[in-house]
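Engineer: To be precise about what I am sending: the file is called data.txt and holds compact mmCIF, C-alpha atoms and all ligand atoms.
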```txt
# COMPACT_ATOMS: atom_id res chain seq x y z
CA MET A 1 21.57 16.58 0.45
CA SER A 2 22.41 13.40 -1.42
CA ARG A 3 22.04 10.24 0.69
CA THR A 4 23.08 6.62 0.27
CA VAL A 5 19.88 4.57 0.36
CA ALA A 6 19.65 0.77 0.58
CA PHE A 7 16.36 -0.17 -1.12
CA ILE A 8 15.12 -3.69 -0.37
CA GLY A 9 12.20 -5.05 -2.41
CA LEU A 10 12.13 -3.81 -6.00
CA GLY A 11 8.69 -5.16 -7.00
CA HIS A 12 5.76 -3.34 -8.59
CA MET A 13 5.94 -0.53 -6.03
CA GLY A 14 9.54 -0.62 -4.80
CA GLY A 15 11.08 -0.70 -8.29
CA PRO A 16 9.74 2.66 -9.46
CA MET A 17 10.17 4.21 -5.98
CA ALA A 18 13.87 3.27 -5.98
CA VAL A 19 14.26 4.61 -9.51
CA ASN A 20 12.72 7.96 -8.49
CA LEU A 21 15.24 8.24 -5.63
CA ALA A 22 18.11 7.53 -8.04
CA LYS A 23 16.76 10.05 -10.57
CA ALA A 24 16.76 12.70 -7.82
CA GLY A 25 20.51 12.20 -7.35
CA HIS A 26 20.62 9.84 -4.37
CA ARG A 27 22.92 6.82 -4.44
CA VAL A 28 20.53 3.86 -4.36
CA LEU A 29 21.79 0.33 -3.63
CA GLY A 30 18.94 -1.97 -4.68
CA HIS A 31 18.30 -5.56 -3.63
CA ASP A 32 15.54 -8.07 -4.37
CA LEU A 33 15.35 -11.86 -4.19
CA VAL A 34 14.23 -11.83 -7.84
CA PRO A 35 17.19 -11.01 -10.14
CA ALA A 36 14.90 -9.66 -12.91
CA ALA A 37 13.56 -6.99 -10.53
CA VAL A 38 17.12 -5.85 -9.77
CA GLU A 39 18.01 -5.78 -13.47
CA THR A 40 15.00 -3.61 -14.33
CA ALA A 41 15.85 -1.07 -11.62
CA ALA A 42 19.54 -1.17 -12.58
CA GLY A 43 18.55 -0.03 -16.07
CA SER A 44 17.30 3.22 -14.51
CA GLY A 45 20.17 4.20 -12.24
CA VAL A 46 19.82 1.86 -9.21
CA GLU A 47 23.10 0.12 -8.26
CA PRO A 48 22.59 -3.65 -7.87
CA ALA A 49 23.57 -4.94 -4.43
CA ALA A 50 24.54 -8.61 -4.12
CA SER A 51 23.10 -8.86 -0.60
CA ALA A 52 20.73 -6.87 1.57
CA ALA A 53 23.27 -6.80 4.41
CA GLY A 54 25.97 -5.44 2.07
CA ALA A 55 23.70 -2.63 0.90
CA VAL A 56 22.62 -1.80 4.46
CA ALA A 57 26.21 -1.62 5.74
CA ALA A 58 26.93 1.21 3.28
CA ALA A 59 23.65 3.10 3.74
CA ASP A 60 22.46 6.18 5.66
CA VAL A 61 18.83 5.18 5.12
CA VAL A 62 17.25 1.76 4.47
CA VAL A 63 13.90 1.67 2.64
CA SER A 64 11.98 -1.61 2.42
CA MET A 65 8.92 -2.40 0.26
CA LEU A 66 7.98 -6.03 0.90
CA PRO A 67 4.80 -8.12 0.65
CA ALA A 68 3.91 -8.68 4.34
CA GLY A 69 4.96 -8.38 7.99
CA ARG A 70 6.75 -11.72 8.10
CA HIS A 71 9.03 -10.60 5.25
CA VAL A 72 9.85 -7.33 7.02
CA LEU A 73 10.60 -8.98 10.37
CA SER A 74 12.75 -11.67 8.79
CA LEU A 75 14.60 -9.05 6.72
CA TYR A 76 15.19 -6.89 9.83
CA ASP A 77 16.48 -9.92 11.77
CA GLY A 78 19.03 -10.50 9.01
CA ILE A 79 20.23 -6.93 8.45
CA LEU A 80 19.87 -4.81 11.61
CA THR A 81 23.28 -5.83 12.92
CA ALA A 82 24.89 -4.98 9.57
CA ALA A 83 23.78 -1.33 9.81
CA ARG A 84 25.89 1.52 11.14
CA PRO A 85 24.60 2.89 14.47
CA GLY A 86 21.83 5.43 13.97
CA THR A 87 20.92 4.33 10.43
CA LEU A 88 17.29 5.20 9.64
CA PHE A 89 15.06 2.27 8.59
CA VAL A 90 11.90 3.29 6.69
CA ASP A 91 9.49 0.44 6.02
CA CYS A 92 6.94 1.37 3.32
CA SER A 93 5.30 -2.09 3.10
CA THR A 94 1.68 -2.50 4.26
CA ILE A 95 1.86 -4.78 7.31
CA ASP A 96 0.10 -5.54 10.61
CA VAL A 97 0.27 -2.71 13.15
CA ALA A 98 1.62 -5.24 15.69
CA ASP A 99 4.39 -6.33 13.28
CA ALA A 100 5.29 -2.69 12.61
CA ARG A 101 5.65 -2.06 16.35
CA THR A 102 7.79 -5.20 16.72
CA ALA A 103 9.99 -4.04 13.83
CA HIS A 104 10.46 -0.66 15.57
CA GLU A 105 11.38 -2.35 18.87
CA ARG A 106 13.93 -4.61 17.21
CA ALA A 107 15.44 -1.70 15.31
CA VAL A 108 15.81 0.42 18.44
CA ALA A 109 17.28 -2.53 20.37
CA ALA A 110 19.88 -2.90 17.60
CA GLY A 111 20.92 0.78 17.90
CA VAL A 112 19.25 2.07 14.72
CA ARG A 113 16.13 4.22 14.13
CA ALA A 114 12.83 3.32 12.47
CA LEU A 115 9.75 4.75 10.78
CA ASP A 116 6.75 2.92 9.33
CA ALA A 117 5.62 4.73 6.18
CA PRO A 118 3.06 2.75 4.14
CA VAL A 119 1.66 4.36 1.04
CA SER A 120 -1.50 4.86 -0.95
CA GLY A 121 -1.53 5.66 -4.63
CA GLY A 122 -0.69 2.30 -6.21
CA VAL A 123 1.75 1.51 -9.00
CA VAL A 124 0.68 4.58 -10.97
CA GLY A 125 1.52 6.75 -7.95
CA ALA A 126 4.84 4.95 -7.42
CA GLU A 127 5.84 5.60 -11.03
CA ALA A 128 4.64 9.20 -11.13
CA ALA A 129 5.98 9.98 -7.61
CA THR A 130 2.52 11.01 -6.43
CA LEU A 131 2.21 8.58 -3.50
CA THR A 132 0.82 9.60 -0.13
CA PHE A 133 2.93 8.38 2.82
CA MET A 134 1.42 7.75 6.26
CA ALA A 135 4.22 7.72 8.79
CA GLY A 136 4.60 6.38 12.32
CA GLY A 137 7.64 7.05 14.52
CA GLY A 138 9.52 9.96 16.05
CA GLU A 139 9.43 13.60 14.86
CA ALA A 140 13.17 13.56 14.14
CA GLU A 141 12.91 10.39 12.06
CA PHE A 142 9.95 11.78 10.11
CA ALA A 143 11.85 15.02 9.45
CA GLU A 144 14.93 13.13 8.29
CA ALA A 145 12.93 10.89 5.95
CA GLY A 146 11.00 13.90 4.57
CA PRO A 147 13.28 14.81 1.65
CA LEU A 148 13.29 11.19 0.46
CA LEU A 149 9.52 10.79 0.83
CA GLU A 150 9.07 14.04 -1.15
CA VAL A 151 11.00 12.52 -4.04
CA MET A 152 8.81 9.39 -4.07
CA GLY A 153 5.45 11.02 -3.37
CA LYS A 154 3.48 14.23 -3.19
CA ARG A 155 2.32 14.12 0.43
CA ALA A 156 3.56 12.72 3.74
CA VAL A 157 1.51 12.80 6.94
CA HIS A 158 3.06 12.14 10.34
CA CYS A 159 0.34 10.09 12.06
CA GLY A 160 1.95 9.47 15.46
CA GLY A 161 4.32 7.01 17.13
CA PRO A 162 5.44 3.55 15.98
CA GLY A 163 2.73 1.73 14.00
CA ALA A 164 0.57 4.86 13.52
CA GLY A 165 1.28 4.94 9.78
CA GLN A 166 0.05 1.37 9.39
CA ALA A 167 -2.95 2.14 11.59
CA ALA A 168 -3.93 5.11 9.37
CA LYS A 169 -3.52 3.02 6.24
CA ILE A 170 -5.78 0.15 7.34
CA CYS A 171 -8.40 2.47 8.87
CA ASN A 172 -8.57 4.44 5.60
CA ASN A 173 -8.83 1.26 3.55
CA MET A 174 -11.56 -0.09 5.82
CA ILE A 175 -13.61 3.02 4.96
CA LEU A 176 -12.80 2.44 1.28
CA GLY A 177 -13.72 -1.27 1.25
CA VAL A 178 -16.99 -0.75 3.14
CA SER A 179 -17.96 2.28 1.03
CA MET A 180 -17.30 0.43 -2.24
CA ILE A 181 -19.62 -2.38 -1.16
CA ALA A 182 -22.25 0.19 -0.10
CA VAL A 183 -22.05 1.99 -3.45
CA SER A 184 -22.18 -1.32 -5.34
CA GLU A 185 -25.25 -2.50 -3.42
CA ALA A 186 -26.95 0.85 -4.07
CA PHE A 187 -26.36 0.58 -7.84
CA VAL A 188 -27.69 -3.01 -7.92
CA LEU A 189 -30.72 -2.00 -5.84
CA GLY A 190 -31.24 0.94 -8.23
CA GLU A 191 -31.09 -1.45 -11.22
CA SER A 192 -33.80 -3.64 -9.68
CA LEU A 193 -35.95 -0.54 -9.15
CA GLY A 194 -35.51 0.62 -12.74
CA LEU A 195 -33.23 3.54 -11.83
CA SER A 196 -30.51 4.38 -14.37
CA HIS A 197 -26.86 4.41 -13.27
CA GLN A 198 -26.55 8.00 -14.46
CA ALA A 199 -29.58 9.18 -12.47
CA LEU A 200 -28.34 7.59 -9.25
CA TYR A 201 -24.87 9.01 -9.88
CA ASP A 202 -26.19 12.52 -10.61
CA VAL A 203 -28.11 12.54 -7.33
CA ALA A 204 -25.73 10.71 -4.97
CA SER A 205 -22.52 12.35 -6.20
CA THR A 206 -23.89 15.77 -5.22
CA ALA A 207 -25.85 14.61 -2.18
CA SER A 208 -25.02 12.91 1.10
CA GLY A 209 -24.08 9.59 -0.57
CA GLN A 210 -21.01 11.24 -2.11
CA CYS A 211 -17.71 9.41 -1.54
CA TRP A 212 -14.53 8.44 -3.44
CA SER A 213 -15.92 4.99 -4.26
CA LEU A 214 -18.77 6.70 -6.11
CA SER A 215 -17.34 9.86 -7.56
CA VAL A 216 -13.84 8.71 -8.57
CA ASN A 217 -13.83 4.90 -8.72
CA CYS A 218 -17.50 4.44 -9.70
CA PRO A 219 -18.16 0.66 -9.90
CA VAL A 220 -20.49 0.83 -12.93
CA PRO A 221 -19.40 1.97 -16.41
CA GLY A 222 -20.60 5.32 -17.71
CA PRO A 223 -20.91 8.04 -15.09
CA VAL A 224 -17.13 8.40 -14.43
CA PRO A 225 -15.32 7.59 -17.71
CA THR A 226 -11.91 7.14 -16.01
CA SER A 227 -13.07 4.54 -13.46
CA PRO A 228 -11.86 0.90 -13.87
CA ALA A 229 -15.46 -0.24 -14.61
CA ASN A 230 -15.02 1.31 -18.07
CA ARG A 231 -12.06 -0.94 -18.88
CA ALA A 232 -13.46 -4.32 -17.77
CA TYR A 233 -12.29 -3.65 -14.19
CA ARG A 234 -8.58 -3.73 -15.04
CA PRO A 235 -6.85 -2.37 -11.87
CA GLY A 236 -6.60 0.21 -10.43
CA PHE A 237 -6.34 -1.09 -6.93
CA ALA A 238 -6.38 -4.87 -7.18
CA ALA A 239 -9.03 -6.89 -5.33
CA SER A 240 -6.27 -9.01 -3.75
CA LEU A 241 -4.67 -5.92 -2.18
CA MET A 242 -8.03 -4.74 -0.82
CA ALA A 243 -8.59 -8.21 0.64
CA LYS A 244 -5.13 -8.08 2.23
CA ASP A 245 -5.66 -4.63 3.77
CA LEU A 246 -9.13 -5.50 5.09
CA GLY A 247 -7.65 -8.68 6.58
CA LEU A 248 -5.10 -6.52 8.45
CA ALA A 249 -7.89 -4.21 9.63
CA ALA A 250 -9.99 -7.19 10.76
CA ASN A 251 -7.00 -8.62 12.70
CA ALA A 252 -6.47 -5.29 14.43
CA ALA A 253 -10.19 -4.95 15.24
CA ARG A 254 -10.29 -8.46 16.72
CA GLU A 255 -7.14 -7.86 18.78
CA GLY A 256 -8.48 -4.53 20.05
CA GLY A 257 -11.99 -5.86 20.77
CA VAL A 258 -13.48 -3.32 18.34
CA HIS A 259 -17.00 -4.10 17.14
CA ALA A 260 -16.32 -3.29 13.45
CA GLU A 261 -19.27 -5.23 12.06
CA LEU A 262 -19.18 -3.81 8.52
CA GLY A 263 -15.38 -3.85 8.35
CA MET A 264 -15.34 -7.55 9.31
CA ARG A 265 -18.05 -8.37 6.77
CA ALA A 266 -16.22 -6.40 4.07
CA ALA A 267 -13.05 -8.39 4.85
CA GLU A 268 -14.97 -11.66 4.35
CA LEU A 269 -16.61 -10.51 1.10
CA TYR A 270 -13.35 -9.23 -0.36
CA ALA A 271 -11.45 -12.39 0.68
CA ARG A 272 -14.00 -14.51 -1.19
CA TYR A 273 -14.03 -12.21 -4.23
CA ALA A 274 -10.22 -12.03 -4.37
CA GLU A 275 -10.01 -15.83 -4.34
CA HIS A 276 -11.64 -15.73 -7.78
CA VAL A 277 -10.02 -12.70 -9.39
CA GLY A 278 -6.74 -12.19 -7.46
CA ASP A 279 -4.90 -9.18 -8.81
CA SER A 280 -6.52 -9.30 -12.25
CA GLU A 281 -9.49 -7.10 -11.27
CA ASP A 282 -9.97 -3.75 -9.59
CA PHE A 283 -11.69 -3.95 -6.20
CA SER A 284 -14.71 -2.11 -7.66
CA GLY A 285 -15.52 -5.28 -9.65
CA ILE A 286 -17.18 -6.53 -6.47
CA VAL A 287 -20.36 -4.93 -7.88
CA ARG A 288 -20.60 -7.96 -10.17
CA THR A 289 -20.66 -10.37 -7.25
CA VAL A 290 -23.44 -8.30 -5.64
CA ARG A 291 -25.37 -8.54 -8.94
CA ASP A 292 -24.66 -12.28 -9.34
CA ARG A 293 -25.77 -13.07 -5.82
CA SER A 294 -28.92 -11.03 -6.44
CA GLY A 295 -29.69 -13.26 -9.42
CA ALA A 296 -29.82 -10.13 -11.60
P1 LIG A 301 5.53 -7.09 -5.15
O1 LIG A 301 5.25 -8.51 -4.84
O2 LIG A 301 5.47 -6.65 -6.58
O3 LIG A 301 7.00 -6.69 -4.61
C1 LIG A 301 7.56 -7.19 -3.42
C2 LIG A 301 9.01 -7.52 -3.74
O4 LIG A 301 9.68 -7.88 -2.53
C3 LIG A 301 9.18 -8.71 -4.69
O5 LIG A 301 9.93 -8.30 -5.82
C4 LIG A 301 9.93 -9.76 -3.85
O6 LIG A 301 10.83 -10.54 -4.60
C5 LIG A 301 10.64 -8.87 -2.86
N1 LIG A 301 11.08 -9.53 -1.63
C6 LIG A 301 10.36 -10.30 -0.79
N2 LIG A 301 11.12 -10.67 0.28
C7 LIG A 301 12.35 -10.11 0.10
C8 LIG A 301 13.57 -10.11 0.84
N3 LIG A 301 13.68 -10.76 2.00
N4 LIG A 301 14.62 -9.44 0.33
C9 LIG A 301 14.53 -8.77 -0.84
N5 LIG A 301 13.40 -8.73 -1.59
C10 LIG A 301 12.33 -9.39 -1.13
O7 LIG A 301 4.54 -6.23 -4.25
P2 LIG A 301 4.14 -4.68 -4.47
O8 LIG A 301 2.90 -4.59 -5.28
O9 LIG A 301 5.35 -3.92 -4.86
O10 LIG A 301 3.73 -4.30 -2.97
C11 LIG A 301 4.70 -4.08 -1.95
C12 LIG A 301 4.01 -3.57 -0.70
O11 LIG A 301 3.30 -2.36 -1.00
C13 LIG A 301 2.97 -4.54 -0.13
O12 LIG A 301 3.06 -4.53 1.27
C14 LIG A 301 1.64 -3.97 -0.62
O13 LIG A 301 0.56 -4.29 0.22
C15 LIG A 301 1.95 -2.48 -0.60
N6 LIG A 301 1.14 -1.68 -1.55
C16 LIG A 301 0.98 -2.09 -2.82
C17 LIG A 301 0.21 -1.32 -3.68
C18 LIG A 301 0.01 -1.72 -5.13
O14 LIG A 301 -0.84 -1.13 -5.80
N7 LIG A 301 0.75 -2.70 -5.65
C19 LIG A 301 -0.39 -0.13 -3.22
C20 LIG A 301 -0.17 0.28 -1.91
C21 LIG A 301 0.61 -0.52 -1.07
```
Any chance you could give the structure as structure tokens?

Structural biologist:
Amino acid sequence: MSRTVAFIGLGHMGGPMAVNLAKAGHRVLGHDLVPAAVETAAGSGVEPAASAAGAVAAADVVVSMLPAGRHVLSLYDGILTAARPGTLFVDCSTIDVADARTAHERAVAAGVRALDAPVSGGVVGAEAATLTFMAGGGEAEFAEAGPLLEVMGKRAVHCGGPGAGQAAKICNNMILGVSMIAVSEAFVLGESLGLSHQALYDVASTASGQCWSLSVNCPVPGPVPTSPANRAYRPGFAASLMAKDLGLAANAAREGGVHAELGMRAAELYARYAEHVGDSEDFSGIVRTVRDRSGA
């Protein structure tokens, strides 16, 4: 069934996601504060919308893909009253669990429906429509969003009620950030002990040290030819985004009184590393800071 979708936020992720919806035959009304982002999407079948409220008023479903929670809440404050009753709002941005729950509450109070559906898979996944969606909200809302999520990604998991999608996203990325630091420290320790990268990889990738940070995104060049380490750490998953996600996880851990010692430490290390490299380096480049601080 073809739907009318208002798509707000046509940046690195939102642009290609909106284009994939349009390519699948949906009417997509796209809006972004940056005119160039709208123009790029318009070149691939997205109809430019002069205002977010105008797009929302005509839509069955509203998808947003914005930088942070404050952008989502301020957008919702400006557009919820413009929507027809029952319109489904799907926020795909990565934001605080608390902000996601607030967004749900405000949507419901305004007579519309909401789902949080952050993604993993990066810009490559957004372009190739291979994203994984992690959704939080009602069964009916998840089922209704399903055909649209299928067009933009390859997998959608219903994680629970409001905010559960965001919770799954930051918990997963806490595992990822901590495991990348662990793998990096192991390689630098191996170097100091005269162990070759290949030997450590050959053992750990088939033993109990196996994990995605080692076997797919290996932080040293050589053992996994497709990992960002082989292209001077060009992302990939940018260090700045890892720092952002670990910051969200650290906030949630603090608020919940969770003793996430390694997650907190990983958030600090990535915040410091991202200050230097921003979005120019893949998060696996943190191996170089481990090496530098070891004086190696
Ligand atoms: P981006 O900065 O490229 O895009 C965000 C867009 O939102 C920008 O074009 C900006 O102009 C627009 N925008 C901001 N406020 C707006 C408003 N009120 N109305 C209309 N447009 C507005 O960021 P991105 O890389 O596309 O990331 C978007 C979200 O996806 C973030 O929450 C990020 O954490 C998450 N994410 C990104 C990646 C990635 O690899 N880039 C991967 C997974 C998740």

Engineer: Kindly work out which residues sit at most 8 Å from ligand LIG 301 (chain A), using only C-alpha atoms and all ligand atoms, and give the list as a ChimeraX atom specification.

Structural biologist: /A:8-15,31-34,37,52,65-69,71-72,74-75,92-95,118-124,236-238,241,244-245

Engineer: Do a neighbour search on Leu148 (chain A) at 9 Å with only C-alpha atoms, toss out local chain neighbours closer than 5 positions, and write the hits as an MDAnalysis selection string.

Structural biologist: chainID A and resid 3 21 26 153

Engineer: One number please: CA of Ala82 (chain A) to CA of Ala107 (chain A), in Å, one decimal.

Structural biologist: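 Separation of CA of Ala82 (chain A) and CA of Ala107 (chain A): 11.5 Å.
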
Engineer: Write out as a list in words which residues come within 6 Å of Leu88 (chain A) when counting all atoms listed in the file, dropping same-chain ones fewer than 5 positions away.

Structural biologist: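 These residues fall inside the cut-off: Val61, Arg113 and Ala114 of chain A.
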
Engineer: Need the shell around Ser284 (chain A): protein/DNA/RNA residues with any atom at most 8 Å away, counting all atoms listed in the file. Skip same-chain ones fewer than 4 positions apart. Format as a ChimeraX atom specification?

Structural biologist: /A:180,184,213,217-219,228-229,233,239

Engineer: Restricting the calculation to only C-alpha atoms, which member of A:Gly177, A:Gly43, A:Gly86, A:Pro221 is positioned closest to Met264 (chain A)?

Structural biologist: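 Result for the nearest residue to Met264 (chain A): A:Gly177.
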
Engineer: Excluding Ser2 (chain A) and any residue of its chain fewer than 6 positions from it, enumerate the residues within 9 Å of it, using only C-alpha atoms, and give them as a PyMOL selection string.

Structural biologist: chain A and resi 24-27

Engineer: With all atoms listed in the file as the basis for distance, which of A:Val97, A:Ala156, A:Ala207, A:Val224 is at the shortest distance from Thr130 (chain A)?

Structural biologist: A:Ala156

Engineer: Can you work out the spacing between CA of Gly137 (chain A) and CA of Ala117 (chain A) in Å, to one decimal?

Structural biologist: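 The value is 8.9 Å.
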
Engineer: At what distance in Å, to one decimal, does CA of Leu214 (chain A) lie from CA of Gly194 (chain A)?

Structural biologist: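 A separation of 19.0 Å between them.
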
Engineer: Find, counting only C-alpha atoms, the residue in A:Cys171, A:Ala232, A:Ile286, A:Ile79 that gets nearest to Asp96 (chain A).

Structural biologist: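 Going through A:Cys171, A:Ala232, A:Ile286, A:Ile79 one by one, the smallest distance to Asp96 (chain A) is for A:Cys171.
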
Engineer: Mind completing region 253-279 of chain A with N, CA and C atoms? Output as a short mmCIF file (atom, residue, chain, number, x, y, z; two decimals), in the frame of the given file, please?

Structural biologist:
```cif
data_model
loop_
_atom_site.label_atom_id
_atom_site.label_comp_id
_atom_site.auth_asym_id
_atom_site.auth_seq_id
_atom_site.Cartn_x
_atom_site.Cartn_y
_atom_site.Cartn_z
N ALA A 253 -8.91 -5.14 14.54
CA ALA A 253 -10.19 -4.95 15.24
C ALA A 253 -10.41 -6.09 16.23
N ARG A 254 -10.13 -7.31 15.81
CA ARG A 254 -10.29 -8.46 16.72
C ARG A 254 -9.38 -8.31 17.94
N GLU A 255 -8.10 -7.98 17.66
CA GLU A 255 -7.14 -7.86 18.78
C GLU A 255 -7.54 -6.74 19.75
N GLY A 256 -8.12 -5.66 19.20
CA GLY A 256 -8.48 -4.53 20.05
C GLY A 256 -9.89 -4.62 20.61
N GLY A 257 -10.62 -5.71 20.28
CA GLY A 257 -11.99 -5.86 20.77
C GLY A 257 -12.94 -4.83 20.17
N VAL A 258 -12.64 -4.35 18.96
CA VAL A 258 -13.48 -3.32 18.34
C VAL A 258 -14.62 -3.98 17.55
N HIS A 259 -15.83 -3.52 17.79
CA HIS A 259 -17.00 -4.10 17.14
C HIS A 259 -17.17 -3.49 15.75
N ALA A 260 -16.28 -3.85 14.81
CA ALA A 260 -16.32 -3.29 13.45
C ALA A 260 -17.11 -4.24 12.56
N GLU A 261 -18.44 -4.22 12.72
CA GLU A 261 -19.27 -5.23 12.06
C GLU A 261 -19.16 -5.15 10.53
N LEU A 262 -19.24 -3.94 9.98
CA LEU A 262 -19.18 -3.81 8.52
C LEU A 262 -17.77 -4.06 8.01
N GLY A 263 -16.77 -3.61 8.75
CA GLY A 263 -15.38 -3.85 8.35
C GLY A 263 -15.07 -5.34 8.29
N MET A 264 -15.55 -6.09 9.27
CA MET A 264 -15.34 -7.55 9.31
C MET A 264 -16.04 -8.22 8.13
N ARG A 265 -17.27 -7.77 7.87
CA ARG A 265 -18.05 -8.37 6.77
C ARG A 265 -17.38 -8.04 5.43
N ALA A 266 -16.91 -6.79 5.31
CA ALA A 266 -16.22 -6.40 4.07
C ALA A 266 -14.97 -7.25 3.88
N ALA A 267 -14.25 -7.55 4.96
CA ALA A 267 -13.05 -8.39 4.85
C ALA A 267 -13.42 -9.77 4.32
N GLU A 268 -14.53 -10.33 4.82
CA GLU A 268 -14.97 -11.66 4.35
C GLU A 268 -15.35 -11.62 2.86
N LEU A 269 -16.13 -10.59 2.50
CA LEU A 269 -16.61 -10.51 1.10
C LEU A 269 -15.44 -10.31 0.14
N TYR A 270 -14.49 -9.46 0.53
CA TYR A 270 -13.35 -9.23 -0.36
C TYR A 270 -12.42 -10.45 -0.41
N ALA A 271 -12.29 -11.18 0.70
CA ALA A 271 -11.45 -12.39 0.68
C ALA A 271 -12.02 -13.39 -0.32
N ARG A 272 -13.36 -13.55 -0.29
CA ARG A 272 -14.00 -14.51 -1.19
C ARG A 272 -13.87 -14.06 -2.65
N TYR A 273 -14.11 -12.76 -2.87
CA TYR A 273 -14.03 -12.21 -4.23
C TYR A 273 -12.59 -12.32 -4.78
N ALA A 274 -11.62 -12.01 -3.91
CA ALA A 274 -10.22 -12.03 -4.37
C ALA A 274 -9.74 -13.45 -4.66
N GLU A 275 -10.37 -14.45 -4.02
CA GLU A 275 -10.01 -15.83 -4.34
C GLU A 275 -10.25 -16.12 -5.81
N HIS A 276 -11.29 -15.48 -6.38
CA HIS A 276 -11.64 -15.73 -7.78
C HIS A 276 -10.82 -14.87 -8.74
N VAL A 277 -10.61 -13.61 -8.39
CA VAL A 277 -10.02 -12.70 -9.39
C VAL A 277 -8.59 -12.29 -9.07
N GLY A 278 -8.13 -12.52 -7.83
CA GLY A 278 -6.74 -12.19 -7.46
C GLY A 278 -6.41 -10.75 -7.76
N ASP A 279 -5.30 -10.56 -8.50
CA ASP A 279 -4.90 -9.18 -8.81
C ASP A 279 -5.29 -8.80 -10.24
#
```
